$ cat upload-v2.txt   # compact mmCIF, C-alpha atoms and all ligand atoms
# COMPACT_ATOMS: atom_id res chain seq x y z
CA MET L 1 -3.11 -18.29 -5.04
CA THR L 2 -5.27 -17.38 -8.01
CA ALA L 3 -3.92 -17.94 -11.53
CA HIS L 4 -2.60 -14.40 -11.92
CA ASP L 5 -2.03 -12.89 -8.54
CA ARG L 6 -0.53 -9.47 -9.14
CA PHE L 7 0.12 -8.88 -5.44
CA PHE L 8 3.07 -11.30 -5.60
CA THR L 9 4.67 -9.16 -8.31
CA GLN L 10 3.73 -5.87 -6.69
CA ALA L 11 5.28 -6.84 -3.35
CA VAL L 12 8.60 -7.46 -5.08
CA HIS L 13 8.64 -4.30 -7.19
CA ALA L 14 6.46 -1.68 -5.47
CA GLY L 15 8.27 1.60 -4.85
CA GLY L 16 11.19 0.51 -7.01
CA ASP L 17 10.93 3.52 -9.29
CA GLN L 18 11.87 5.99 -6.59
CA PRO L 19 14.70 8.33 -7.51
CA VAL L 20 17.88 6.47 -6.62
CA ALA L 21 19.06 7.54 -3.23
CA GLY L 22 22.55 8.95 -3.46
CA SER L 23 22.08 9.68 -7.18
CA HIS L 24 23.92 12.93 -6.53
CA LEU L 25 27.01 10.71 -6.46
CA LYS L 26 26.48 10.20 -10.21
CA VAL L 27 27.09 6.44 -10.16
CA ASP L 28 26.66 4.57 -13.42
CA GLY L 29 23.79 2.14 -13.57
CA ARG L 30 20.79 1.76 -11.30
CA PRO L 31 21.21 -0.30 -8.15
CA ILE L 32 18.71 -3.16 -7.95
CA ALA L 33 18.12 -2.53 -4.23
CA PRO L 34 17.43 0.89 -2.73
CA SER L 35 20.36 2.60 -1.10
CA ILE L 36 20.43 3.46 2.57
CA ASP L 37 20.82 7.20 2.60
CA PRO L 38 21.95 8.31 6.07
CA ALA L 39 22.34 12.02 5.27
CA VAL L 40 20.58 14.22 7.80
CA THR L 41 20.80 17.31 5.65
CA TYR L 42 21.14 18.19 1.96
CA THR L 43 23.03 20.96 0.24
CA TYR L 44 22.28 22.61 -3.12
CA ASP L 45 24.33 24.78 -5.46
CA ASP L 46 21.34 27.00 -6.03
CA MET L 47 19.85 28.44 -2.80
CA GLY L 48 16.49 28.72 -4.60
CA ASP L 49 16.54 24.91 -4.84
CA LEU L 50 17.26 24.67 -1.10
CA SER L 51 14.27 26.94 -0.44
CA GLY L 52 12.12 24.70 -2.64
CA ALA L 53 13.27 21.63 -0.73
CA LEU L 54 12.71 23.25 2.66
CA HIS L 55 9.35 24.84 2.02
CA ASP L 56 7.71 23.31 -1.05
CA GLY L 57 8.71 19.67 -0.67
CA VAL L 58 10.67 19.69 -3.95
CA GLY L 59 13.66 17.50 -3.15
CA TYR L 60 15.12 16.61 0.23
CA SER L 61 16.36 19.11 2.80
CA TYR L 62 16.43 17.66 6.32
CA MET L 63 15.81 14.09 7.42
CA ARG L 64 12.87 14.92 9.68
CA TYR L 65 11.20 16.38 6.57
CA GLY L 66 11.85 13.28 4.47
CA SER L 67 14.51 10.84 3.32
CA PRO L 68 14.93 8.95 0.02
CA THR L 69 15.10 5.54 1.68
CA VAL L 70 11.98 6.27 3.71
CA SER L 71 10.25 7.55 0.56
CA ALA L 72 10.97 4.26 -1.19
CA LEU L 73 9.21 2.36 1.59
CA GLU L 74 6.32 4.83 1.64
CA SER L 75 5.77 4.43 -2.12
CA ALA L 76 5.85 0.66 -1.82
CA VAL L 77 3.27 0.48 0.97
CA ALA L 78 1.03 3.07 -0.71
CA GLU L 79 1.02 0.93 -3.84
CA LEU L 80 0.29 -2.30 -1.98
CA GLU L 81 -2.57 -0.67 -0.07
CA GLY L 82 -3.99 1.03 -3.18
CA ALA L 83 -3.50 4.40 -1.46
CA GLU L 84 -2.34 7.68 -3.00
CA GLU L 85 0.45 8.06 -0.46
CA ALA L 86 1.95 6.69 2.72
CA VAL L 87 3.82 8.29 5.63
CA ALA L 88 6.27 6.30 7.77
CA TYR L 89 6.81 6.56 11.54
CA ALA L 90 9.28 5.22 14.08
CA THR L 91 6.76 2.70 15.48
CA GLY L 92 3.22 1.50 14.99
CA MET L 93 2.15 3.41 18.11
CA ALA L 94 3.60 6.65 16.70
CA ALA L 95 1.58 6.06 13.52
CA LEU L 96 -1.62 5.37 15.48
CA HIS L 97 -1.08 8.45 17.62
CA ALA L 98 -0.60 10.54 14.48
CA ALA L 99 -3.81 9.16 12.97
CA PHE L 100 -5.81 9.98 16.12
CA VAL L 101 -4.32 13.48 16.38
CA GLN L 102 -5.10 14.17 12.74
CA ALA L 103 -8.69 13.04 13.23
CA ASN L 104 -9.12 16.13 15.42
CA ILE L 105 -11.59 14.47 17.77
CA SER L 106 -13.45 16.36 20.49
CA ALA L 107 -16.35 15.83 22.89
CA GLU L 108 -18.69 17.22 20.17
CA ARG L 109 -17.24 15.03 17.42
CA PRO L 110 -15.60 12.07 19.23
CA LEU L 111 -13.84 8.93 18.09
CA LEU L 112 -15.91 5.77 18.03
CA ALA L 113 -13.55 2.87 18.60
CA ALA L 114 -13.88 -0.89 18.59
CA GLN L 115 -13.71 -2.12 22.17
CA ASN L 116 -11.38 -4.97 21.17
CA MET L 117 -7.96 -3.85 20.08
CA TYR L 118 -4.27 -4.01 20.90
CA GLY L 119 -3.82 -3.17 24.59
CA ALA L 120 -1.43 -0.25 24.05
CA THR L 121 -3.80 1.35 21.56
CA PHE L 122 -6.61 0.99 24.09
CA SER L 123 -4.37 2.58 26.75
CA LEU L 124 -3.38 5.36 24.35
CA LEU L 125 -7.02 6.21 23.76
CA ARG L 126 -7.87 5.93 27.46
CA LYS L 127 -4.92 7.97 28.72
CA MET L 128 -4.26 10.55 26.00
CA PHE L 129 -7.88 11.26 25.12
CA VAL L 130 -11.00 11.34 27.28
CA PRO L 131 -13.06 8.14 27.41
CA GLY L 132 -16.76 8.86 27.70
CA GLU L 133 -16.18 12.27 26.05
CA SER L 134 -13.81 12.33 23.08
CA VAL L 135 -13.64 8.51 22.79
CA HIS L 136 -16.43 5.94 22.99
CA PHE L 137 -15.92 2.19 22.73
CA VAL L 138 -18.43 -0.12 21.02
CA GLU L 139 -18.81 -3.75 20.03
CA ILE L 140 -17.78 -3.17 16.44
CA THR L 141 -19.01 -6.47 15.00
CA ASP L 142 -22.62 -5.65 15.96
CA ARG L 143 -23.86 -3.42 13.16
CA ASP L 144 -26.96 -2.25 15.07
CA VAL L 145 -24.85 -1.23 18.06
CA VAL L 146 -22.45 0.64 15.75
CA GLN L 147 -25.28 2.46 13.97
CA ALA L 148 -26.90 3.43 17.28
CA ALA L 149 -23.56 4.79 18.55
CA ILE L 150 -23.06 6.76 15.33
CA ASP L 151 -26.54 8.28 15.67
CA ARG L 152 -25.93 9.09 19.32
CA PHE L 153 -22.37 10.42 19.24
CA HIS L 154 -22.05 11.83 15.72
CA PRO L 155 -18.36 10.81 15.60
CA ARG L 156 -15.61 12.52 13.65
CA ALA L 157 -13.87 9.18 13.09
CA ILE L 158 -14.33 5.45 13.63
CA PHE L 159 -11.40 3.21 14.53
CA VAL L 160 -11.19 -0.56 14.03
CA GLU L 161 -8.58 -3.26 13.55
CA THR L 162 -9.07 -5.42 10.44
CA ILE L 163 -8.52 -8.48 12.64
CA SER L 164 -8.68 -7.54 16.29
CA ASN L 165 -5.89 -8.24 18.76
CA PRO L 166 -6.14 -10.83 20.33
CA LEU L 167 -9.73 -12.08 19.84
CA LEU L 168 -9.52 -11.99 16.03
CA LYS L 169 -12.87 -10.27 15.55
CA ILE L 170 -13.48 -9.04 12.02
CA PRO L 171 -15.55 -5.90 11.55
CA HIS L 172 -17.56 -5.53 8.36
CA LEU L 173 -15.54 -2.62 6.98
CA PRO L 174 -17.74 -1.69 3.98
CA SER L 175 -20.88 -1.22 6.08
CA ILE L 176 -19.05 0.61 8.88
CA ALA L 177 -17.30 2.88 6.38
CA ALA L 178 -20.59 3.67 4.64
CA ALA L 179 -22.25 4.49 7.98
CA ALA L 180 -19.25 6.64 8.97
CA HIS L 181 -19.19 8.54 5.70
CA ALA L 182 -22.95 9.19 5.94
CA VAL L 183 -22.27 11.44 8.98
CA GLY L 184 -19.03 12.91 7.61
CA ALA L 185 -16.83 10.70 9.79
CA SER L 186 -13.63 9.12 8.55
CA MET L 187 -12.66 5.49 8.95
CA ILE L 188 -9.28 4.69 10.52
CA VAL L 189 -8.19 1.07 10.25
CA ASP L 190 -5.27 -0.69 11.94
CA ALA L 191 -4.43 -3.28 9.29
CA THR L 192 -1.43 -4.78 11.09
CA PHE L 193 -2.86 -8.30 11.47
CA ALA L 194 -4.32 -8.66 7.98
CA THR L 195 -1.68 -6.83 5.90
CA PRO L 196 -2.55 -5.81 2.33
CA TYR L 197 -2.01 -9.44 1.35
CA VAL L 198 -5.19 -10.50 3.13
CA MET L 199 -7.25 -7.36 2.43
CA GLN L 200 -6.83 -3.76 1.34
CA PRO L 201 -9.10 -1.71 3.61
CA ILE L 202 -9.17 1.28 1.26
CA LYS L 203 -11.17 -0.84 -1.21
CA SER L 204 -13.71 -1.31 1.60
CA GLY L 205 -13.97 2.42 2.23
CA ALA L 206 -11.23 3.06 4.81
CA ASP L 207 -9.74 6.55 4.73
CA VAL L 208 -6.66 5.95 6.86
CA VAL L 209 -4.83 2.60 7.02
CA VAL L 210 -2.30 2.17 9.81
CA HIS L 211 0.33 -0.54 10.22
CA SER L 212 2.76 -1.54 12.86
CA ALA L 213 5.49 -2.28 10.31
CA THR L 214 7.30 -4.01 13.18
CA LYS L 215 5.05 -7.01 12.47
CA TYR L 216 4.30 -8.62 9.11
CA LEU L 217 5.68 -5.86 6.87
CA GLY L 218 9.15 -6.12 8.46
CA GLY L 219 8.55 -9.76 9.21
CA HIS L 220 11.88 -10.76 10.77
CA GLY L 221 11.75 -9.43 14.31
CA ASP L 222 14.63 -7.04 13.72
CA VAL L 223 13.09 -3.65 13.06
CA MET L 224 10.42 -1.32 14.45
CA GLY L 225 8.32 0.93 12.29
CA GLY L 226 4.87 2.27 11.59
CA ILE L 227 3.18 3.53 8.45
CA ILE L 228 -0.05 5.22 7.41
CA ALA L 229 -1.46 4.77 3.89
CA THR L 230 -4.03 7.38 2.92
CA SER L 231 -5.04 10.12 0.45
CA ALA L 232 -2.54 12.71 -0.79
CA ALA L 233 -4.36 15.47 1.11
CA ARG L 234 -4.29 13.61 4.43
CA ALA L 235 -0.68 12.55 3.84
CA ALA L 236 0.35 16.18 3.31
CA GLU L 237 -1.21 17.12 6.65
CA LEU L 238 0.39 14.13 8.39
CA ARG L 239 3.81 15.11 6.99
CA MET L 240 3.37 18.65 8.22
CA GLN L 241 2.52 17.30 11.70
CA LEU L 242 5.39 14.80 11.57
CA ARG L 243 7.84 17.65 10.93
CA LEU L 244 6.74 19.10 14.26
CA TYR L 245 6.23 15.99 16.40
CA GLY L 246 9.25 14.07 15.09
CA GLY L 247 8.86 10.33 15.52
CA ASN L 248 10.18 9.69 11.99
CA LEU L 249 11.35 6.34 10.75
CA GLY L 250 15.11 6.24 10.15
CA PRO L 251 16.61 5.18 6.79
CA PHE L 252 18.18 1.97 8.11
CA GLU L 253 14.84 0.88 9.53
CA ALA L 254 12.98 1.88 6.35
CA TRP L 255 15.40 -0.21 4.32
CA LEU L 256 14.84 -3.26 6.54
CA VAL L 257 11.05 -2.92 6.38
CA LEU L 258 11.17 -2.55 2.60
CA ARG L 259 13.35 -5.61 2.37
CA GLY L 260 10.72 -7.43 4.43
CA VAL L 261 7.93 -6.20 2.16
CA ARG L 262 9.59 -7.90 -0.83
CA THR L 263 8.70 -11.32 0.62
CA LEU L 264 5.41 -10.31 2.27
CA ALA L 265 3.25 -12.30 -0.14
CA LEU L 266 5.30 -15.48 0.21
CA ARG L 267 5.46 -15.24 3.99
CA MET L 268 1.76 -14.45 4.38
CA ARG L 269 0.77 -17.32 2.10
CA GLU L 270 2.69 -19.75 4.32
CA GLN L 271 1.63 -18.14 7.60
CA CYS L 272 -2.06 -18.22 6.65
CA ALA L 273 -1.77 -21.87 5.59
CA ASN L 274 0.08 -22.77 8.80
CA ALA L 275 -2.49 -20.98 10.95
CA GLN L 276 -5.36 -22.84 9.26
CA ARG L 277 -3.63 -26.16 9.80
CA VAL L 278 -2.72 -25.40 13.44
CA ALA L 279 -6.22 -24.07 14.24
CA ARG L 280 -7.84 -27.22 12.85
CA TRP L 281 -5.50 -29.40 14.91
CA LEU L 282 -6.05 -27.38 18.10
CA SER L 283 -9.82 -27.61 17.70
CA GLU L 284 -9.52 -31.42 17.93
CA GLN L 285 -7.60 -31.35 21.24
CA PRO L 286 -9.59 -32.11 24.41
CA SER L 287 -7.24 -29.96 26.53
CA ILE L 288 -8.16 -26.87 24.51
CA ALA L 289 -11.38 -25.20 25.63
CA LYS L 290 -11.73 -22.87 22.66
CA VAL L 291 -9.98 -22.07 19.39
CA ILE L 292 -10.44 -18.67 17.79
CA TYR L 293 -9.49 -18.53 14.13
CA PRO L 294 -11.45 -16.71 11.40
CA GLY L 295 -10.84 -19.61 9.03
CA LEU L 296 -12.84 -22.03 11.19
CA PRO L 297 -16.53 -22.23 10.23
CA ASP L 298 -17.59 -21.74 13.88
CA HIS L 299 -15.82 -18.35 14.14
CA PRO L 300 -18.59 -15.72 14.54
CA ASP L 301 -17.08 -13.57 11.76
CA HIS L 302 -16.20 -16.41 9.39
CA ALA L 303 -18.74 -15.19 6.79
CA THR L 304 -17.34 -11.64 6.97
CA ALA L 305 -13.82 -12.99 6.51
CA ARG L 306 -14.96 -15.02 3.51
CA GLU L 307 -16.55 -11.93 2.00
CA LEU L 308 -13.72 -9.48 2.63
CA PHE L 309 -10.49 -11.48 2.71
CA ARG L 310 -8.38 -13.02 -0.01
CA GLU L 311 -9.78 -16.41 -0.98
CA ASP L 312 -9.06 -19.11 1.62
CA CYS L 313 -6.79 -16.83 3.59
CA PHE L 314 -7.66 -15.87 7.14
CA GLY L 315 -4.44 -14.47 8.58
CA GLY L 316 -1.55 -15.98 10.48
CA MET L 317 -2.85 -15.49 14.04
CA VAL L 318 -4.61 -18.12 16.13
CA ALA L 319 -5.92 -17.60 19.67
CA PHE L 320 -6.83 -20.48 21.95
CA GLU L 321 -7.83 -21.11 25.50
CA LEU L 322 -6.31 -23.84 27.63
CA ARG L 323 -8.99 -25.74 29.52
CA GLU L 324 -9.36 -24.80 33.21
CA ALA L 325 -6.23 -22.69 33.04
CA ASP L 326 -4.90 -20.12 35.43
CA GLU L 327 -1.67 -18.15 35.07
CA ALA L 328 0.47 -20.94 36.55
CA LYS L 329 -0.85 -23.49 34.06
CA VAL L 330 -0.40 -21.12 31.12
CA PHE L 331 3.15 -20.34 32.25
CA ARG L 332 3.92 -24.07 32.48
CA PHE L 333 2.63 -24.53 28.94
CA MET L 334 4.68 -21.61 27.66
CA GLU L 335 7.85 -22.77 29.42
CA SER L 336 7.40 -26.23 27.86
CA LEU L 337 7.43 -24.94 24.28
CA LYS L 338 10.68 -25.62 22.48
CA LEU L 339 10.30 -24.40 18.89
CA ILE L 340 7.71 -21.69 19.41
CA LYS L 341 9.21 -18.66 21.11
CA CYS L 342 7.29 -16.97 23.91
CA ALA L 343 7.77 -13.32 23.15
CA THR L 344 5.70 -10.22 22.85
CA SER L 345 5.36 -9.56 19.16
CA LEU L 346 3.83 -11.14 16.07
CA GLY L 347 4.10 -11.44 12.32
CA ASP L 348 7.66 -12.73 12.24
CA VAL L 349 9.08 -15.67 10.32
CA TYR L 350 9.39 -17.35 13.73
CA SER L 351 6.32 -18.69 15.50
CA LEU L 352 5.68 -16.54 18.55
CA LEU L 353 3.31 -17.17 21.41
CA LEU L 354 2.07 -14.48 23.74
CA TYR L 355 -0.09 -14.47 26.86
CA PRO L 356 -2.26 -11.33 26.56
CA ALA L 357 -2.89 -11.22 30.33
CA GLN L 358 0.87 -11.00 30.84
CA SER L 359 1.86 -8.65 28.03
CA SER L 360 -0.24 -7.08 25.27
CA HIS L 361 -3.33 -6.61 27.48
CA HIS L 362 -1.75 -6.50 30.93
CA ALA L 363 -2.30 -2.75 31.32
CA LEU L 364 -6.06 -3.21 31.00
CA GLY L 365 -6.27 -4.85 34.43
CA ARG L 366 -8.03 -8.19 34.98
CA GLU L 367 -11.56 -6.84 35.24
CA GLU L 368 -11.47 -4.89 31.97
CA ARG L 369 -9.61 -7.72 30.28
CA LEU L 370 -12.25 -10.27 31.27
CA ARG L 371 -15.01 -7.83 30.31
CA GLN L 372 -13.49 -7.71 26.83
CA GLY L 373 -13.53 -11.51 26.66
CA ILE L 374 -9.80 -12.11 27.14
CA GLY L 375 -9.78 -14.97 29.65
CA ASP L 376 -7.04 -16.11 32.04
CA GLY L 377 -6.34 -19.15 29.86
CA LEU L 378 -6.17 -17.37 26.50
CA VAL L 379 -2.93 -17.39 24.53
CA ARG L 380 -2.20 -15.97 21.09
CA LEU L 381 -0.06 -17.75 18.55
CA SER L 382 1.54 -15.95 15.63
CA CYS L 383 2.32 -18.73 13.16
CA GLY L 384 5.71 -18.43 11.52
CA ILE L 385 6.92 -19.99 8.29
CA GLU L 386 8.29 -23.17 9.85
CA SER L 387 6.73 -26.46 8.77
CA ALA L 388 3.18 -26.69 10.16
CA GLU L 389 3.99 -30.22 11.33
CA ASP L 390 6.77 -28.90 13.56
CA ILE L 391 4.56 -26.18 15.03
CA VAL L 392 1.85 -28.76 15.78
CA ALA L 393 4.38 -31.20 17.26
CA ASP L 394 5.70 -28.50 19.59
CA LEU L 395 2.20 -27.58 20.76
CA ALA L 396 1.39 -31.28 21.27
CA GLN L 397 4.43 -31.97 23.43
CA ALA L 398 3.85 -28.83 25.55
CA LEU L 399 0.19 -29.76 26.08
CA ASN L 400 1.36 -33.23 27.14
CA VAL L 401 3.70 -31.76 29.73
CA VAL L 402 0.89 -29.63 31.16
CA ARG L 403 -1.52 -32.59 31.19
CA SER L 404 0.88 -34.86 33.03
CA ALA L 405 2.01 -32.22 35.57
N1 LIG L 501 -1.25 -2.31 16.26
C1 LIG L 501 -1.32 -3.62 16.55
C2 LIG L 501 -2.50 -4.40 16.07
C3 LIG L 501 -0.30 -4.24 17.30
O1 LIG L 501 -0.41 -5.55 17.60
C4 LIG L 501 0.79 -3.45 17.74
C5 LIG L 501 1.89 -4.06 18.52
O2 LIG L 501 1.83 -5.21 18.91
C6 LIG L 501 0.82 -2.10 17.43
C7 LIG L 501 -0.20 -1.56 16.68
C8 LIG L 501 1.94 -1.21 17.91
O3 LIG L 501 3.05 -1.36 17.10
P1 LIG L 501 4.55 -1.00 17.56
O4 LIG L 501 4.94 -1.99 18.61
O5 LIG L 501 5.32 -1.07 16.30
O6 LIG L 501 4.51 0.38 18.12
$ encode --input "upload-v2.txt" --output "structure tokens" --more "lines below"
Ligand code: PLP
Amino acid sequence: MTAHDRFFTQAVHAGGDQPVAGSHLKVDGRPIAPSIDPAVTYTYDDMGDLSGALHDGVGYSYMRYGSPTVSALESAVAELEGAEEAVAYATGMAALHAAFVQANISAERPLLAAQNMYGATFSLLRKMFVPGESVHFVEITDRDVVQAAIDRFHPRAIFVETISNPLLKIPHLPSIAAAAHAVGASMIVDATFATPYVMQPIKSGADVVVHSATKYLGGHGDVMGGIIATSAARAAELRMQLRLYGGNLGPFEAWLVLRGVRTLALRMREQCANAQRVARWLSEQPSIAKVIYPGLPDHPDHATARELFREDCFGGMVAFELREADEAKVFRFMESLKLIKCATSLGDVYSLLLYPAQSSHHALGREERLRQGIGDGLVRLSCGIESAEDIVADLAQALNVVRSA
């Protein structure tokens, strides 16, 4: 942490100046925490005011059009991302879908997407759009390949993850954004893995920043959500589309995510430190064939991470490959873990381990998965906030079990 790290203060207070939900109740004093406002609809004494709320966005009218508790979360995330506004969704996938729909891609002006990404996002692009026509996949960390694809396809938008799932590749956002903007394309970034604690993509030229709030923003494995941070103009269009598609975040969920955001900086600081410690330890183990962590000097994008990320902070995710492992060996390793939970999510206070071939990237099929570099022995660890020594000890005893089997 640098001497004066404003993010720690921002995370605690961002969005706190929202109008108090339920202020129509005329309570005395301002509650220190936002209220959960479950009202689906709002009534006004003056029908002109109701018209304003319904059609001009002045005040609240109907929950699908907006809710005070959701607004509080949206303001907080917009502030943390350095965006003009944010729009919340029921899940990260709903937010990604909204971002792709808004991009208005076509065969003439397609989406250029990183080939490494979360499996469901890959499936969304493959199944809901037309690969080879309205979507083209490229190796996003190769700047020459990206430039050639931009020249060839003249994309309307480029999509990347700040840290890719699960191979932890780090695209050089400023150069990709500059190349995108040069042909009038926008830059859509899934920032779920990095969070605004590690980097704020808008500062690197991103136009649309998407989060699965289910992960680090919520942080406790008890809420699903998605959010897009962007310009006021794009947010207005997204809100208009959200009114029609639905897929809104509910007030209870917004409240939980916002509560998670308050400790985002503290959790990320610990999770990044734990991941660095665990990655270093794993890289010394003979039973591990490969460790992928952007904080290790041998990671291919280590220099990019050093340039773009918060100082000495490389995220809380570590991927590693068990030596000579097939599914049975990986399953044995997973079943031997005691502290680390094997479950299909990430970013929680608990350490979670996932086998991409089994869950996040299962739908790709083995051939495509291997083509993308996700081997049969690769597992992905989301470091929690437990003591690093306990995480390491659990990995050590599980590796021992596998070795002696
Ligand atoms: N983006 C990334 C990078 C993810 O890892 C995930 C889920 O794991 C999502 C988006 C989808 O989020 P959700 O499960 O909230 O829909």
$ residues_around --input "upload-v2.txt" --residues "L:Gly218" --least-positions-apart "6" --cutoff "10 Å" --atoms "all atoms listed in the file" --output "ChimeraX atom specification"
/L:212,224-226,253-264,347-349
$ write_last_selection --input "upload-v2.txt" --atoms "C-alpha atoms" --output "PDB file, in the coordinates of the input"
ATOM      1  CA  SER L 212       2.760  -1.540  12.860  1.00  0.00           C
ATOM      2  CA  MET L 224      10.420  -1.320  14.450  1.00  0.00           C
ATOM      3  CA  GLY L 225       8.320   0.930  12.290  1.00  0.00           C
ATOM      4  CA  GLY L 226       4.870   2.270  11.590  1.00  0.00           C
ATOM      5  CA  GLU L 253      14.840   0.880   9.530  1.00  0.00           C
ATOM      6  CA  ALA L 254      12.980   1.880   6.350  1.00  0.00           C
ATOM      7  CA  TRP L 255      15.400  -0.210   4.320  1.00  0.00           C
ATOM      8  CA  LEU L 256      14.840  -3.260   6.540  1.00  0.00           C
ATOM      9  CA  VAL L 257      11.050  -2.920   6.380  1.00  0.00           C
ATOM     10  CA  LEU L 258      11.170  -2.550   2.600  1.00  0.00           C
ATOM     11  CA  ARG L 259      13.350  -5.610   2.370  1.00  0.00           C
ATOM     12  CA  GLY L 260      10.720  -7.430   4.430  1.00  0.00           C
ATOM     13  CA  VAL L 261       7.930  -6.200   2.160  1.00  0.00           C
ATOM     14  CA  ARG L 262       9.590  -7.900  -0.830  1.00  0.00           C
ATOM     15  CA  THR L 263       8.700 -11.320   0.620  1.00  0.00           C
ATOM     16  CA  LEU L 264       5.410 -10.310   2.270  1.00  0.00           C
ATOM     17  CA  GLY L 347       4.100 -11.440  12.320  1.00  0.00           C
ATOM     18  CA  ASP L 348       7.660 -12.730  12.240  1.00  0.00           C
ATOM     19  CA  VAL L 349       9.080 -15.670  10.320  1.00  0.00           C
TER      20      VAL L 349
END
$ residues_around --input "upload-v2.txt" --residues "L:Ala182" --least-positions-apart "3" --cutoff "12 Å" --atoms "only C-alpha atoms" --output "list in words"
Gln147, Ile150, Asp151, His154, Pro155, Arg156, Ala157, Ser175, Ile176, Ala177, Ala178, Ala179, Ala185, Ser186, Met187 and Gly205 of chain L
$ residues_near_point --input "upload-v2.txt" --point "(4.8, -15.2, 22.3)" --cutoff "6 Å" --atoms "all atoms listed in the file" --output "MDAnalysis selection string"
chainID L and resid 341:344 352:354
$ residues_near_ligand --input "upload-v2.txt" --ligand "ligand LIG 501 (chain L)" --cutoff "9 Å" --atoms "all atoms listed in the file" --output "number ranges by chain"
L: 90-96, 117-121, 161-166, 190-193, 210-215, 223-226, 344-346, 360
$ atom_distance --input "upload-v2.txt" --atom1 "atom CA of L:Ile158" --atom2 "atom CA of L:Ala98"
14.7 Å
$ closest_residue --input "upload-v2.txt" --among "L:Leu296, L:Met199, L:Ala233, L:Leu266" --to "L:Arg310" --atoms "all atoms listed in the file"
L:Met199
$ closest_residue --input "upload-v2.txt" --among "L:Asp56, L:Phe8, L:Phe333, L:Phe252" --to "L:Asp222" --atoms "all atoms listed in the file"
L:Phe252
$ residues_around --input "upload-v2.txt" --residues "L:Pro300" --least-positions-apart "6" --cutoff "9 Å" --atoms "only C-alpha atoms" --output "ChimeraX atom specification"
/L:169-170,294
$ closest_residue --input "upload-v2.txt" --among "L:Phe129, L:Thr141, L:Gly16, L:Val208" --to "L:Arg30" --atoms "only C-alpha atoms"
L:Gly16
$ axis_aligned_box --input "upload-v2.txt" --around "stretch 277-294 of chain L" --padding-each-side "6 Å" --output "JSON"
{"center_x": -7.2, "center_y": -24.4, "center_z": 18.2, "size_x": 21.0, "size_y": 27.4, "size_z": 28.7}
$ residues_around --input "upload-v2.txt" --residues "stretch 386-401 of chain L" --least-positions-apart "3" --cutoff "6 Å" --atoms "only C-alpha atoms" --output "list in words"
Asn274, Phe333, Ser336, Leu337 and Ser404 of chain L
$ atom_distance --input "upload-v2.txt" --atom1 "atom CA of L:Leu364" --atom2 "atom CA of L:Arg332"
23.2 Å
$ residues_around --input "upload-v2.txt" --residues "L:Ala113" --least-positions-apart "2" --cutoff "10 Å" --atoms "only C-alpha atoms" --output "list in words"
Pro110, Leu111, Gln115, Asn116, Met117, Phe122, Leu125, Val135, His136, Phe137, Val138, Glu139, Ile140, Val146, Pro155, Ala157, Ile158, Phe159, Val160, Glu161 and Ile188 of chain L
$ atom_distance --input "upload-v2.txt" --atom1 "atom CA of L:Lys338" --atom2 "atom CA of L:Gly295"
26.1 Å
$ closest_residue --input "upload-v2.txt" --among "L:Ile292, L:Tyr65, L:Gly132, L:Glu79" --to "L:Tyr245" --atoms "only C-alpha atoms"
L:Tyr65
$ closest_residue --input "upload-v2.txt" --among "L:Cys383, L:Leu168, L:Ala229, L:Val330" --to "L:Thr304" --atoms "all atoms listed in the file"
L:Leu168
$ closest_residue --input "upload-v2.txt" --among "L:Glu81, L:Glu367, L:Glu270, L:Asp312" --to "L:Tyr350" --atoms "all atoms listed in the file"
L:Glu270
